[in-house]
$ cat coords02.txt   # compact mmCIF, C-alpha atoms
# COMPACT_ATOMS: atom_id res chain seq x y z
CA MET A 1 -39.28 49.99 99.61
CA ASN A 2 -42.19 49.18 97.32
CA PRO A 3 -41.65 51.28 94.15
CA ASP A 4 -45.34 52.14 94.06
CA LYS A 5 -44.99 53.91 97.42
CA THR A 6 -42.75 56.54 95.85
CA LYS A 7 -45.58 57.62 93.54
CA ILE A 8 -47.73 59.51 96.00
CA LYS A 9 -50.57 61.65 94.68
CA THR A 10 -51.12 64.75 96.77
CA LEU A 11 -53.50 67.68 96.70
CA THR A 12 -52.94 71.27 97.74
CA ALA A 13 -55.99 72.78 99.41
CA GLU A 14 -57.17 76.19 100.56
CA ILE A 15 -60.05 76.73 102.98
CA LEU A 16 -62.19 79.76 102.21
CA ALA A 17 -64.65 80.99 104.85
CA VAL A 18 -67.47 83.08 103.39
CA GLY A 19 -69.32 85.50 105.66
CA THR A 20 -69.01 89.07 106.86
CA GLU A 21 -69.79 87.89 110.38
CA ILE A 22 -66.42 86.10 110.44
CA LEU A 23 -64.54 89.25 109.43
CA LEU A 24 -66.38 91.24 112.11
CA GLY A 25 -65.44 88.68 114.75
CA ASP A 26 -69.05 87.84 115.54
CA ILE A 27 -68.32 84.12 115.14
CA VAL A 28 -65.15 82.04 115.43
CA ASN A 29 -64.20 80.03 112.35
CA THR A 30 -63.96 76.59 113.95
CA ASN A 31 -64.82 74.99 110.61
CA ALA A 32 -61.35 75.73 109.26
CA GLN A 33 -59.73 73.94 112.18
CA PHE A 34 -61.99 70.91 111.79
CA ILE A 35 -61.46 70.66 108.03
CA SER A 36 -57.69 71.12 108.29
CA GLN A 37 -57.42 68.32 110.84
CA ARG A 38 -59.47 65.94 108.69
CA LEU A 39 -57.55 66.84 105.53
CA ALA A 40 -54.22 66.18 107.24
CA GLU A 41 -55.43 62.70 108.13
CA ILE A 42 -55.93 61.84 104.46
CA GLY A 43 -52.79 63.47 103.12
CA VAL A 44 -54.16 66.73 101.71
CA ASN A 45 -51.83 69.71 102.17
CA VAL A 46 -53.49 72.88 103.47
CA TYR A 47 -51.34 75.93 102.75
CA MET A 48 -53.81 78.77 103.25
CA HIS A 49 -56.89 79.78 105.25
CA THR A 50 -58.73 82.81 103.95
CA ALA A 51 -61.96 84.62 104.79
CA VAL A 52 -64.06 86.93 102.66
CA GLY A 53 -67.24 88.88 103.29
CA ASP A 54 -70.59 88.62 101.52
CA ASN A 55 -69.53 90.70 98.54
CA PRO A 56 -69.83 89.21 95.02
CA ARG A 57 -66.76 90.88 93.49
CA ARG A 58 -64.49 90.15 96.43
CA LEU A 59 -65.69 86.56 96.58
CA PHE A 60 -65.08 86.13 92.83
CA ASP A 61 -61.54 87.45 93.32
CA ALA A 62 -61.06 85.16 96.33
CA TYR A 63 -61.94 82.14 94.17
CA ALA A 64 -59.53 83.26 91.45
CA GLN A 65 -56.68 83.84 93.91
CA ALA A 66 -57.30 80.57 95.76
CA PHE A 67 -57.21 78.51 92.57
CA CYS A 68 -53.89 80.13 91.64
CA ARG A 69 -52.50 78.58 94.82
CA ALA A 70 -54.46 75.36 95.21
CA ASP A 71 -55.95 72.39 93.38
CA LEU A 72 -58.79 72.13 95.86
CA VAL A 73 -60.78 74.96 97.45
CA ILE A 74 -63.24 74.22 100.24
CA ALA A 75 -65.66 77.09 100.82
CA THR A 76 -67.78 77.19 103.96
CA GLY A 77 -70.92 79.23 104.55
CA GLY A 78 -73.09 81.35 102.31
CA LEU A 79 -75.41 78.57 101.12
CA GLY A 80 -78.53 79.89 102.82
CA PRO A 81 -81.76 81.31 101.32
CA THR A 82 -81.12 85.04 101.73
CA ASP A 83 -79.73 87.53 99.23
CA ASP A 84 -76.36 87.76 100.98
CA ASP A 85 -75.84 84.00 100.66
CA ILE A 86 -73.83 84.10 97.43
CA THR A 87 -71.28 81.25 97.60
CA LYS A 88 -72.95 79.09 94.91
CA GLU A 89 -74.00 81.98 92.73
CA VAL A 90 -70.51 83.46 92.48
CA ALA A 91 -69.01 80.00 91.98
CA ALA A 92 -71.35 79.40 89.02
CA GLU A 93 -70.25 82.73 87.56
CA TYR A 94 -66.58 81.90 88.11
CA PHE A 95 -66.85 78.56 86.31
CA GLY A 96 -69.24 79.86 83.65
CA LEU A 97 -72.04 77.48 84.64
CA PRO A 98 -75.79 78.12 84.79
CA LEU A 99 -77.74 77.51 87.98
CA GLU A 100 -80.36 74.79 87.69
CA LEU A 101 -83.01 73.48 90.03
CA HIS A 102 -81.82 70.25 91.60
CA GLU A 103 -85.09 68.43 92.11
CA PRO A 104 -83.92 65.94 94.82
CA SER A 105 -82.60 68.82 96.94
CA TRP A 106 -85.81 70.80 96.41
CA GLU A 107 -87.91 67.84 97.50
CA ALA A 108 -85.71 67.35 100.59
CA ILE A 109 -86.15 71.01 101.53
CA LYS A 110 -89.93 70.84 101.16
CA ASN A 111 -90.05 67.68 103.27
CA ILE A 112 -88.06 69.33 106.06
CA PHE A 113 -90.57 72.20 106.27
CA SER A 114 -93.54 69.87 105.98
CA ASN A 115 -92.34 67.43 108.64
CA ASN A 116 -91.54 70.22 111.10
CA ALA A 117 -94.66 72.29 110.44
CA PHE A 118 -92.57 75.32 109.46
CA VAL A 119 -93.77 77.93 107.02
CA MET A 120 -91.61 77.82 103.89
CA THR A 121 -90.97 81.08 102.04
CA SER A 122 -90.22 81.41 98.35
CA ASN A 123 -86.54 82.17 98.89
CA ASN A 124 -85.89 78.66 100.22
CA LYS A 125 -86.00 77.42 96.64
CA LYS A 126 -82.75 79.32 96.13
CA GLN A 127 -80.95 76.66 98.17
CA ALA A 128 -81.83 74.03 95.57
CA MET A 129 -80.51 76.09 92.66
CA LEU A 130 -77.12 74.51 91.98
CA PRO A 131 -74.39 74.84 89.31
CA ALA A 132 -75.13 72.62 86.31
CA GLY A 133 -73.36 69.25 86.39
CA CYS A 134 -72.21 69.56 89.99
CA ARG A 135 -71.97 66.75 92.51
CA VAL A 136 -74.43 67.16 95.37
CA PHE A 137 -73.92 66.24 99.03
CA PRO A 138 -77.34 65.76 100.69
CA ASN A 139 -77.69 67.53 104.03
CA GLY A 140 -79.19 65.29 106.69
CA ASN A 141 -79.17 68.07 109.28
CA GLY A 142 -80.33 71.16 107.43
CA THR A 143 -81.74 72.61 104.23
CA ALA A 144 -78.55 73.57 102.37
CA PRO A 145 -77.00 70.78 100.28
CA GLY A 146 -73.25 70.68 99.80
CA VAL A 147 -71.87 71.11 96.30
CA CYS A 148 -68.77 69.95 94.41
CA VAL A 149 -67.74 71.49 91.07
CA GLU A 150 -64.80 70.07 89.09
CA ARG A 151 -63.47 71.96 86.08
CA GLY A 152 -60.07 72.09 84.40
CA GLY A 153 -58.26 70.08 87.06
CA LYS A 154 -59.62 72.28 89.86
CA THR A 155 -62.14 71.24 92.50
CA LEU A 156 -64.42 73.53 94.49
CA ILE A 157 -66.36 72.06 97.40
CA MET A 158 -68.99 74.26 99.03
CA LEU A 159 -70.31 73.30 102.46
CA PRO A 160 -72.94 74.78 104.79
CA GLY A 161 -71.61 76.95 107.60
CA PRO A 162 -73.25 75.47 110.73
CA PRO A 163 -70.80 72.92 112.20
CA ASN A 164 -73.57 70.42 112.99
CA GLU A 165 -74.31 70.32 109.26
CA LEU A 166 -70.78 70.68 107.91
CA GLU A 167 -68.99 68.09 110.03
CA PRO A 168 -71.09 64.99 109.25
CA MET A 169 -71.30 66.00 105.60
CA PHE A 170 -67.54 66.39 105.39
CA VAL A 171 -66.72 63.12 107.13
CA GLY A 172 -69.41 61.04 105.47
CA GLN A 173 -69.37 62.40 101.92
CA VAL A 174 -66.42 64.68 101.22
CA VAL A 175 -63.66 62.57 102.73
CA PRO A 176 -64.49 59.48 100.60
CA LEU A 177 -64.41 61.68 97.48
CA LEU A 178 -61.03 63.18 98.39
CA ARG A 179 -59.54 59.79 99.23
CA GLU A 180 -59.97 58.92 95.57
CA LYS A 181 -57.85 61.92 94.59
CA THR A 182 -54.80 61.34 96.81
CA SER A 183 -52.71 58.37 97.87
CA ALA A 184 -50.69 60.21 100.53
CA VAL A 185 -51.14 59.74 104.26
CA PHE A 186 -49.99 62.32 106.78
CA VAL A 187 -49.16 61.16 110.31
CA SER A 188 -48.20 63.47 113.16
CA ARG A 189 -46.64 62.72 116.53
CA THR A 190 -46.40 65.53 119.08
CA LEU A 191 -43.73 65.51 121.79
CA LYS A 192 -44.67 67.72 124.74
CA VAL A 193 -41.94 69.56 126.61
CA CYS A 194 -41.96 71.34 129.97
CA GLY A 195 -39.05 73.19 131.55
CA VAL A 196 -37.58 74.18 128.17
CA GLY A 197 -39.26 76.96 126.21
CA GLU A 198 -39.89 76.99 122.47
CA SER A 199 -36.86 79.15 121.64
CA ARG A 200 -34.50 77.05 123.78
CA ALA A 201 -35.87 73.82 122.31
CA ALA A 202 -35.43 75.23 118.80
CA ALA A 203 -31.81 76.16 119.60
CA ILE A 204 -31.07 72.67 120.93
CA LEU A 205 -32.62 71.12 117.81
CA LYS A 206 -31.35 73.68 115.28
CA ASP A 207 -29.60 71.13 113.07
CA VAL A 208 -32.69 68.91 113.08
CA LEU A 209 -34.95 71.82 112.16
CA ASP A 210 -32.57 73.07 109.46
CA ALA A 211 -32.29 69.65 107.83
CA GLN A 212 -35.97 68.72 107.91
CA THR A 213 -37.68 67.56 104.74
CA ASN A 214 -39.89 64.56 105.39
CA PRO A 215 -40.70 64.32 108.22
CA THR A 216 -40.97 67.95 109.27
CA VAL A 217 -40.57 69.21 112.84
CA ALA A 218 -42.59 72.22 113.95
CA PRO A 219 -42.18 73.81 117.42
CA TYR A 220 -45.20 75.46 119.07
CA ALA A 221 -45.18 77.67 122.15
CA LYS A 222 -47.76 76.88 124.83
CA THR A 223 -48.28 78.22 128.35
CA ASN A 224 -45.10 77.25 130.19
CA GLU A 225 -44.39 74.43 127.77
CA ALA A 226 -43.55 73.73 124.15
CA TRP A 227 -44.82 71.18 121.67
CA LEU A 228 -42.76 69.61 118.89
CA ARG A 229 -44.96 68.20 116.15
CA ILE A 230 -43.26 65.69 113.86
CA THR A 231 -45.22 65.12 110.64
CA ALA A 232 -44.44 62.59 107.91
CA SER A 233 -46.02 62.01 104.52
CA ALA A 234 -46.02 58.52 103.05
CA ALA A 235 -48.08 56.03 101.12
CA ASP A 236 -49.45 54.44 104.31
CA GLU A 237 -49.50 54.98 108.05
CA THR A 238 -46.89 52.32 108.84
CA GLU A 239 -44.36 53.89 106.50
CA ALA A 240 -45.09 57.37 107.89
CA ARG A 241 -44.59 56.23 111.48
CA GLY A 242 -41.34 54.57 110.44
CA LEU A 243 -40.10 57.92 109.12
CA ILE A 244 -41.08 59.68 112.35
CA GLU A 245 -39.44 57.26 114.80
CA PRO A 246 -35.73 58.08 114.23
CA VAL A 247 -36.43 61.81 114.41
CA ALA A 248 -38.37 61.33 117.65
CA GLN A 249 -35.46 59.39 119.12
CA ILE A 250 -33.03 62.20 118.28
CA ILE A 251 -35.30 64.70 120.04
CA TYR A 252 -35.66 62.44 123.09
CA GLY A 253 -31.87 62.16 123.19
CA ARG A 254 -31.49 65.94 123.23
CA LEU A 255 -34.34 66.94 125.56
CA GLY A 256 -34.57 63.88 127.81
CA ASP A 257 -36.74 64.27 130.91
CA ASN A 258 -38.01 67.63 129.69
CA ILE A 259 -40.36 65.64 127.45
CA TYR A 260 -43.28 64.76 129.67
CA GLY A 261 -45.57 63.05 127.18
CA GLU A 262 -46.94 62.78 123.68
CA ASP A 263 -50.06 63.59 121.66
CA ALA A 264 -53.11 63.61 123.97
CA ASP A 265 -51.04 63.65 127.18
CA SER A 266 -51.27 66.65 129.49
CA LEU A 267 -49.05 67.40 132.46
CA GLU A 268 -51.90 66.63 134.82
CA SER A 269 -52.82 63.35 133.14
CA VAL A 270 -49.21 62.20 133.28
CA VAL A 271 -48.97 63.12 136.96
CA ILE A 272 -52.22 61.30 137.76
CA LYS A 273 -50.93 58.13 136.04
CA MET A 274 -47.57 58.32 137.81
CA LEU A 275 -49.22 58.69 141.22
CA ALA A 276 -51.55 55.77 140.48
CA CYS A 277 -48.68 53.54 139.36
CA ARG A 278 -46.84 54.25 142.61
CA GLY A 279 -49.90 53.89 144.82
CA LEU A 280 -49.65 57.47 146.09
CA THR A 281 -52.29 60.06 146.95
CA VAL A 282 -52.06 63.83 146.62
CA ALA A 283 -53.69 66.92 148.12
CA CYS A 284 -53.10 70.57 147.35
CA ALA A 285 -53.27 73.87 149.19
CA GLU A 286 -53.53 76.98 147.05
CA SER A 287 -53.42 80.68 147.64
CA CYS A 288 -52.80 82.78 144.51
CA THR A 289 -53.94 80.03 142.12
CA GLY A 290 -57.34 79.88 143.81
CA GLY A 291 -58.16 76.22 143.07
CA LEU A 292 -56.74 76.11 139.54
CA LEU A 293 -54.29 73.34 140.45
CA ALA A 294 -57.05 71.18 141.92
CA SER A 295 -59.24 71.88 138.90
CA ARG A 296 -56.60 70.67 136.45
CA LEU A 297 -56.05 67.51 138.46
CA VAL A 298 -59.73 66.58 138.71
CA ASP A 299 -60.25 67.26 135.01
CA CYS A 300 -58.41 63.98 134.36
CA PRO A 301 -60.14 60.60 134.33
CA GLY A 302 -58.78 58.51 137.19
CA ALA A 303 -58.17 61.48 139.47
CA SER A 304 -60.50 60.08 142.13
CA ALA A 305 -58.07 57.22 142.78
CA VAL A 306 -55.23 59.54 143.79
CA PHE A 307 -56.60 63.01 144.61
CA THR A 308 -57.87 63.39 148.16
CA GLU A 309 -58.70 67.08 148.46
CA GLY A 310 -57.81 70.62 147.54
CA VAL A 311 -58.23 73.74 149.65
CA VAL A 312 -57.94 77.44 148.85
CA THR A 313 -56.32 79.12 151.85
CA TYR A 314 -56.32 82.67 150.56
CA SER A 315 -56.07 84.57 153.84
CA ASN A 316 -53.32 84.32 156.43
CA GLU A 317 -55.90 83.19 158.96
CA SER A 318 -56.96 80.33 156.72
CA LYS A 319 -53.36 79.20 156.27
CA ILE A 320 -52.91 79.15 160.01
CA LYS A 321 -56.22 77.51 160.98
CA ARG A 322 -56.64 75.05 158.12
CA LEU A 323 -53.05 74.07 157.39
CA GLY A 324 -51.29 74.72 160.67
CA VAL A 325 -48.91 77.29 159.22
CA SER A 326 -47.12 79.03 162.07
CA GLN A 327 -48.16 82.62 162.71
CA LYS A 328 -44.51 83.39 163.39
CA THR A 329 -43.57 82.05 159.97
CA ILE A 330 -45.98 84.46 158.30
CA GLU A 331 -44.90 87.35 160.54
CA ASN A 332 -41.20 86.72 159.92
CA PHE A 333 -41.22 85.72 156.24
CA GLY A 334 -44.63 86.70 154.90
CA ALA A 335 -47.44 84.72 153.28
CA VAL A 336 -45.49 84.76 150.01
CA SER A 337 -42.34 82.94 151.03
CA GLY A 338 -40.63 79.61 150.71
CA GLU A 339 -41.10 79.00 154.42
CA THR A 340 -44.87 79.47 154.20
CA ALA A 341 -45.10 77.32 151.07
CA ALA A 342 -43.24 74.53 152.86
CA GLU A 343 -45.58 74.58 155.85
CA MET A 344 -48.62 74.74 153.56
CA ALA A 345 -47.50 71.66 151.62
CA GLU A 346 -46.77 69.63 154.74
CA GLY A 347 -49.92 70.89 156.44
CA ILE A 348 -52.28 69.81 153.65
CA ALA A 349 -50.62 66.40 153.37
CA ARG A 350 -50.87 65.67 157.09
CA SER A 351 -54.39 67.06 157.57
CA SER A 352 -55.77 65.18 154.56
CA GLY A 353 -53.81 61.97 155.07
CA ALA A 354 -52.32 62.21 151.58
CA ASP A 355 -48.85 60.95 150.70
CA VAL A 356 -48.07 64.09 148.73
CA GLY A 357 -48.89 67.73 149.44
CA ILE A 358 -48.45 70.56 146.93
CA SER A 359 -48.80 74.23 147.80
CA VAL A 360 -48.76 77.46 145.81
CA THR A 361 -48.45 80.97 147.22
CA GLY A 362 -47.49 84.12 145.34
CA VAL A 363 -48.29 87.57 144.02
CA ALA A 364 -50.49 87.21 140.94
CA GLY A 365 -51.06 90.94 140.49
CA PRO A 366 -51.77 93.22 138.87
CA SER A 367 -51.28 95.04 142.20
CA GLY A 368 -49.89 94.00 145.55
CA GLY A 369 -46.25 93.67 144.54
CA THR A 370 -43.31 95.31 146.29
CA ASP A 371 -39.62 95.75 145.48
CA GLN A 372 -38.84 92.72 147.61
CA LYS A 373 -41.81 90.68 146.44
CA PRO A 374 -42.83 91.81 142.96
CA VAL A 375 -45.85 90.71 140.96
CA GLY A 376 -45.09 87.31 139.49
CA LEU A 377 -43.12 86.00 142.48
CA VAL A 378 -44.45 82.51 143.29
CA TYR A 379 -43.34 79.82 145.73
CA ILE A 380 -44.32 76.18 145.28
CA GLY A 381 -44.00 73.66 148.07
CA LEU A 382 -43.82 69.91 147.54
CA PHE A 383 -44.05 67.53 150.49
CA ILE A 384 -43.68 63.77 150.02
CA LEU A 385 -44.13 61.43 152.96
CA ASN A 386 -40.80 60.09 154.25
CA LYS A 387 -38.88 62.35 151.85
CA GLY A 388 -39.47 65.78 153.34
CA VAL A 389 -40.32 69.04 151.64
CA GLN A 390 -38.88 70.94 148.65
CA ILE A 391 -39.41 74.57 147.67
CA LYS A 392 -39.23 76.19 144.25
CA GLU A 393 -39.14 79.94 143.67
CA SER A 394 -40.31 81.25 140.30
CA ARG A 395 -40.77 84.69 138.80
CA PHE A 396 -43.36 84.92 136.06
CA GLY A 397 -44.38 87.73 133.76
CA GLY A 398 -47.70 88.36 132.10
CA THR A 399 -51.26 88.90 133.21
CA ARG A 400 -52.82 87.69 136.44
CA SER A 401 -54.35 84.70 134.67
CA LYS A 402 -51.06 83.80 132.94
CA ILE A 403 -49.15 83.94 136.22
CA ARG A 404 -51.69 81.61 137.80
CA GLU A 405 -51.62 79.20 134.85
CA ARG A 406 -47.83 79.12 134.79
CA SER A 407 -47.69 78.54 138.53
CA VAL A 408 -49.87 75.46 138.18
CA SER A 409 -47.81 74.10 135.28
CA VAL A 410 -44.57 74.50 137.23
CA ALA A 411 -46.12 72.83 140.28
CA LEU A 412 -47.28 69.84 138.21
CA ASP A 413 -43.91 69.54 136.50
CA MET A 414 -42.10 69.76 139.84
CA LEU A 415 -44.16 66.81 141.09
CA ARG A 416 -43.65 64.88 137.85
CA ARG A 417 -39.88 65.17 138.01
CA GLU A 418 -39.81 64.12 141.65
CA LEU A 419 -41.97 61.07 140.93
CA MET A 420 -39.57 60.04 138.16
$ encode --input "coords02.txt" --output "C-alpha cells"
Amino acid sequence: MNPDKTKIKTLTAEILAVGTEILLGDIVNTNAQFISQRLAEIGVNVYMHTAVGDNPRRLFDAYAQAFCRADLVIATGGLGPTDDDITKEVAAEYFGLPLELHEPSWEAIKNIFSNNAFVMTSNNKKQAMLPAGCRVFPNGNGTAPGVCVERGGKTLIMLPGPPNELEPMFVGQVVPLLREKTSAVFVSRTLKVCGVGESRAAAILKDVLDAQTNPTVAPYAKTNEAWLRITASAADETEARGLIEPVAQIIYGRLGDNIYGEDADSLESVVIKMLACRGLTVACAESCTGGLLASRLVDCPGASAVFTEGVVTYSNESKIKRLGVSQKTIENFGAVSGETAAEMAEGIARSSGADVGISVTGVAGPSGGTDQKPVGLVYIGLFILNKGVQIKESRFGGTRSKIRERSVSVALDMLRRELM
C-alpha cells in the first residue's frame, strides 16, 4: 500500500438546524439528510444532528456544545431579514467578531428586488451584515448569502434554510472548500435482504458485526426486509471498494439467496429485470392490497415490457366474474383461503394471457378478523405457465397499511425466488 494512503485527514462534523418551526414539527428537516449524504461522499464524519429554536442563549449554547464534539459545524436556517433570524448574529457573538456590511452581498440583494419589481424593506440589509473576515457563499437563488467562519481550528458554515437555495450552494461552493480539508473518501455498499429480518441477519453475522472496524457493517430494518450497509474509509474510492469486497462476500456466503439486490435495487425492480431476461409477462389480481402490488410493479422503468395488467377483485362477485373463481370454492373455503388465492392467480394469468399470475387475498383489518381467520392472515397465489400454482400463507402484524405493504413484499419475493 502507498504509505501516503495511511495518512488520511478526516473531519468530524455536526449539523445544527436553527428554527423553532423544526422543533414544532411544522417542517421536516430534509436539509440534514441531504448534507449528511454529501458529507459522507467526501469523507467527513457526521456524528450528531441537533436542532435548536430561535432563542439567542440556547443557540449560543448549541454552538458551544457542538464545537466540543466537532471540528466542523454546519448550521442551516435563520439567515433571513426578520428579528428571529439570529444564526449569524449569535455566531458573531460566539466568535467575538463584529458584524460588518458586506457590500457585494448588499448589492446582490438590491439587484434581486430591483429585477423582480419587489418592494425592499429596511430589514433586508440585515442579510448583508456578516461576521468580519468571513468567507461568503453567494446565493444564486435567494437573498441570504452563506457564510463560513474559521477560528482556532474550528469551522462554522451557515447556510440558508430553503432547500432550493441550500443544495446548490452546498454542492457548488461548500463541497470544494471541504475537499481541501480532508483526504478521506467514504464509500458505502448496501446489500438488501428479504426473508430474513434485521435481528436474524444480525445474529447470523454476529462475529462480523463484533469484529468490524473499517469497513463497518450497519443493519437497518425496513418493511419486510433488512438492509446491510457496508461502509469503508480510505484515501480513494478504489481502495475503499477493495476493503468492502471481502466483507460483502462473507455476507453473501451467510445469507445467500436472501440477498435480492444492492444499493438502488428494489424488490420490484429486480423482479421486473428477471422477468424481462426470461421473456416472461406477469399480471396480478388483488383483493386486500387494493392495487398496491400493481403500483409497485409499474413504478419501475421497463415494467411495460413485462406487466400486462392488474385488477382489484375486492368482492366475491368480482372474483367469480372477472377471474373465474368457483363460487363453490368461496362457499367452502372462503374468499381468504389458499384455494381462492390459487384460482385467482391462475384466473388472472389465463384471462390476461400472461405467463405469470400473482394473487393476494387476506384480512387487512383493523376489523373483519375471526378466530379462524384473524387480522393479518394473507394468502398469496403464484401461477406460472407450465409449472402450475403455488400458495403461501402468511400472518402479519401491524396496521392495515403495514399488512398490505408486507403482503406485497412477500408476493414479490415469492416470485423472485421462483424465477431464480
$ residues_around --input "coords02.txt" --residues "Lys154 of chain A" --least-positions-apart "4" --cutoff "10 Å" --atoms "all atoms listed in the file" --output "list in words"
Phe67, Cys68, Ala70, Asp71, Leu72, Val73, Val149 and Glu150 of chain A
$ atom_distance --input "coords02.txt" --atom1 "atom CA of Ala51 of chain A" --atom2 "atom CA of His102 of chain A"
27.8 Å
$ closest_atom_pairs --input "coords02.txt" --of "segment 23-97 of chain A" --to "segment 229-244 of chain A" --cutoff "12 Å" --atoms "all atoms listed in the file" --output "JSON lines"
{"residue": "A:Ala40", "atom": "CA", "partner": "A:Ser233", "partner_atom": "CA", "distance": 9.6}
{"residue": "A:Glu41", "atom": "CA", "partner": "A:Glu237", "partner_atom": "CA", "distance": 9.7}
{"residue": "A:Ile42", "atom": "CA", "partner": "A:Asp236", "partner_atom": "CA", "distance": 9.8}
{"residue": "A:Gly43", "atom": "CA", "partner": "A:Ser233", "partner_atom": "CA", "distance": 7.1}
{"residue": "A:Val44", "atom": "CA", "partner": "A:Ser233", "partner_atom": "CA", "distance": 9.8}
{"residue": "A:Asn45", "atom": "CA", "partner": "A:Ser233", "partner_atom": "CA", "distance": 9.9}
$ closest_residue --input "coords02.txt" --among "A:Thr329, A:Thr399, A:Thr281, A:Gln249" --to "Ala303 of chain A" --atoms "only C-alpha atoms"
A:Thr281
$ closest_residue --input "coords02.txt" --among "A:Ile391, A:Cys300, A:Ala341, A:Leu280" --to "Asp355 of chain A" --atoms "all atoms listed in the file"
A:Leu280
$ atom_distance --input "coords02.txt" --atom1 "atom CA of Gly96 of chain A" --atom2 "atom CA of Arg69 of chain A"
20.2 Å
$ residues_near_point --input "coords02.txt" --point "(-44.8, 81.9, 151.4)" --cutoff "10 Å" --atoms "only C-alpha atoms" --output "PyMOL selection string"
chain A and resi 287+325+329-330+333-344+359-363+377-381+391+393
$ axis_aligned_box --input "coords02.txt" --around "segment 208-219 of chain A" --padding-each-side "8 Å" --output "AutoDock Vina command-line options"
--center_x -37.4 --center_y 69.1 --center_z 111.1 --size_x 26.3 --size_y 25.5 --size_z 28.7
$ residues_near_point --input "coords02.txt" --point "(-40.1, 64.5, 121.6)" --cutoff "7 Å" --atoms "only C-alpha atoms" --output "number ranges by chain"
A: 190-192, 228, 248, 251-252, 259
$ residues_around --input "coords02.txt" --residues "Lys402 of chain A" --least-positions-apart "5" --cutoff "9 Å" --atoms "all atoms listed in the file" --output "ChimeraX atom specification"
/A:223,364,396-397,407
$ atom_distance --input "coords02.txt" --atom1 "atom CA of Val306 of chain A" --atom2 "atom CA of Cys277 of chain A"
9.9 Å
$ closest_residue --input "coords02.txt" --among "A:Phe60, A:Tyr220, A:Tyr260, A:Trp227" --to "Glu89 of chain A" --atoms "only C-alpha atoms"
A:Phe60
$ closest_residue --input "coords02.txt" --among "A:Phe170, A:Ala221, A:Val208, A:Leu275" --to "Ile250 of chain A" --atoms "all atoms listed in the file"
A:Val208
$ closest_atom_pairs --input "coords02.txt" --of "segment 32-116 of chain A" --to "segment 128-146 of chain A" --cutoff "12 Å" --atoms "all atoms listed in the file" --output "CSV"
residue,atom,partner,partner_atom,distance
A:Ile74,CA,A:Gly146,CA,10.6
A:Ala75,CA,A:Gly146,CA,10.0
A:Thr76,CA,A:Gly146,CA,9.5
A:Gly77,CA,A:Ala144,CA,9.7
A:Gly78,CA,A:Ala144,CA,9.5
A:Leu79,CA,A:Ala144,CA,6.0
A:Gly80,CA,A:Ala144,CA,6.3
A:Pro81,CA,A:Ala144,CA,8.4
A:Thr82,CA,A:Ala144,CA,11.8
A:Asp85,CA,A:Ala144,CA,10.9
A:Ile86,CA,A:Met129,CA,11.5
A:Thr87,CA,A:Leu130,CA,10.5
A:Lys88,CA,A:Leu130,CA,6.9
A:Glu89,CA,A:Pro131,CA,7.9
A:Val90,CA,A:Pro131,CA,10.0
A:Ala91,CA,A:Pro131,CA,7.9
A:Ala92,CA,A:Pro131,CA,5.5
A:Glu93,CA,A:Pro131,CA,9.1
A:Tyr94,CA,A:Pro131,CA,10.6
A:Phe95,CA,A:Pro131,CA,8.9
A:Gly96,CA,A:Pro131,CA,9.2
A:Leu97,CA,A:Pro131,CA,5.9
A:Pro98,CA,A:Ala132,CA,5.7
A:Leu99,CA,A:Pro131,CA,4.5
A:Glu100,CA,A:Met129,CA,5.1
A:Leu101,CA,A:Met129,CA,4.5
A:His102,CA,A:Ala128,CA,5.5
A:Glu103,CA,A:Ala128,CA,7.3
A:Pro104,CA,A:Ala128,CA,8.4
A:Ser105,CA,A:Ala128,CA,5.4
A:Trp106,CA,A:Ala128,CA,5.2
A:Glu107,CA,A:Ala128,CA,8.9
A:Ala108,CA,A:Thr143,CA,7.5
A:Ile109,CA,A:Thr143,CA,5.4
A:Lys110,CA,A:Thr143,CA,8.9
A:Asn111,CA,A:Thr143,CA,9.7
A:Ile112,CA,A:Thr143,CA,7.4
A:Phe113,CA,A:Thr143,CA,9.1
A:Asn116,CA,A:Gly142,CA,11.8
$ residues_around --input "coords02.txt" --residues "Val282 of chain A" --least-positions-apart "4" --cutoff "8 Å" --atoms "all atoms listed in the file" --output "PyMOL selection string"
chain A and resi 275+306-309+349+354-358
$ write_last_selection --input "coords02.txt" --atoms "C-alpha atoms" --output "PDB file, in the frame of the given file"
ATOM      1  CA  LEU A 275     -49.220  58.690 141.220  1.00  0.00           C
ATOM      2  CA  VAL A 306     -55.230  59.540 143.790  1.00  0.00           C
ATOM      3  CA  PHE A 307     -56.600  63.010 144.610  1.00  0.00           C
ATOM      4  CA  THR A 308     -57.870  63.390 148.160  1.00  0.00           C
ATOM      5  CA  GLU A 309     -58.700  67.080 148.460  1.00  0.00           C
ATOM      6  CA  ALA A 349     -50.620  66.400 153.370  1.00  0.00           C
ATOM      7  CA  ALA A 354     -52.320  62.210 151.580  1.00  0.00           C
ATOM      8  CA  ASP A 355     -48.850  60.950 150.700  1.00  0.00           C
ATOM      9  CA  VAL A 356     -48.070  64.090 148.730  1.00  0.00           C
ATOM     10  CA  GLY A 357     -48.890  67.730 149.440  1.00  0.00           C
ATOM     11  CA  ILE A 358     -48.450  70.560 146.930  1.00  0.00           C
TER      12      ILE A 358
END
$ closest_residue --input "coords02.txt" --among "A:Arg417, A:Arg254, A:Arg350, A:Arg38" --to "Val171 of chain A" --atoms "all atoms listed in the file"
A:Arg38
$ closest_residue --input "coords02.txt" --among "A:Lys9, A:Thr30, A:Thr155, A:Val18" --to "Leu177 of chain A" --atoms "only C-alpha atoms"
A:Thr155
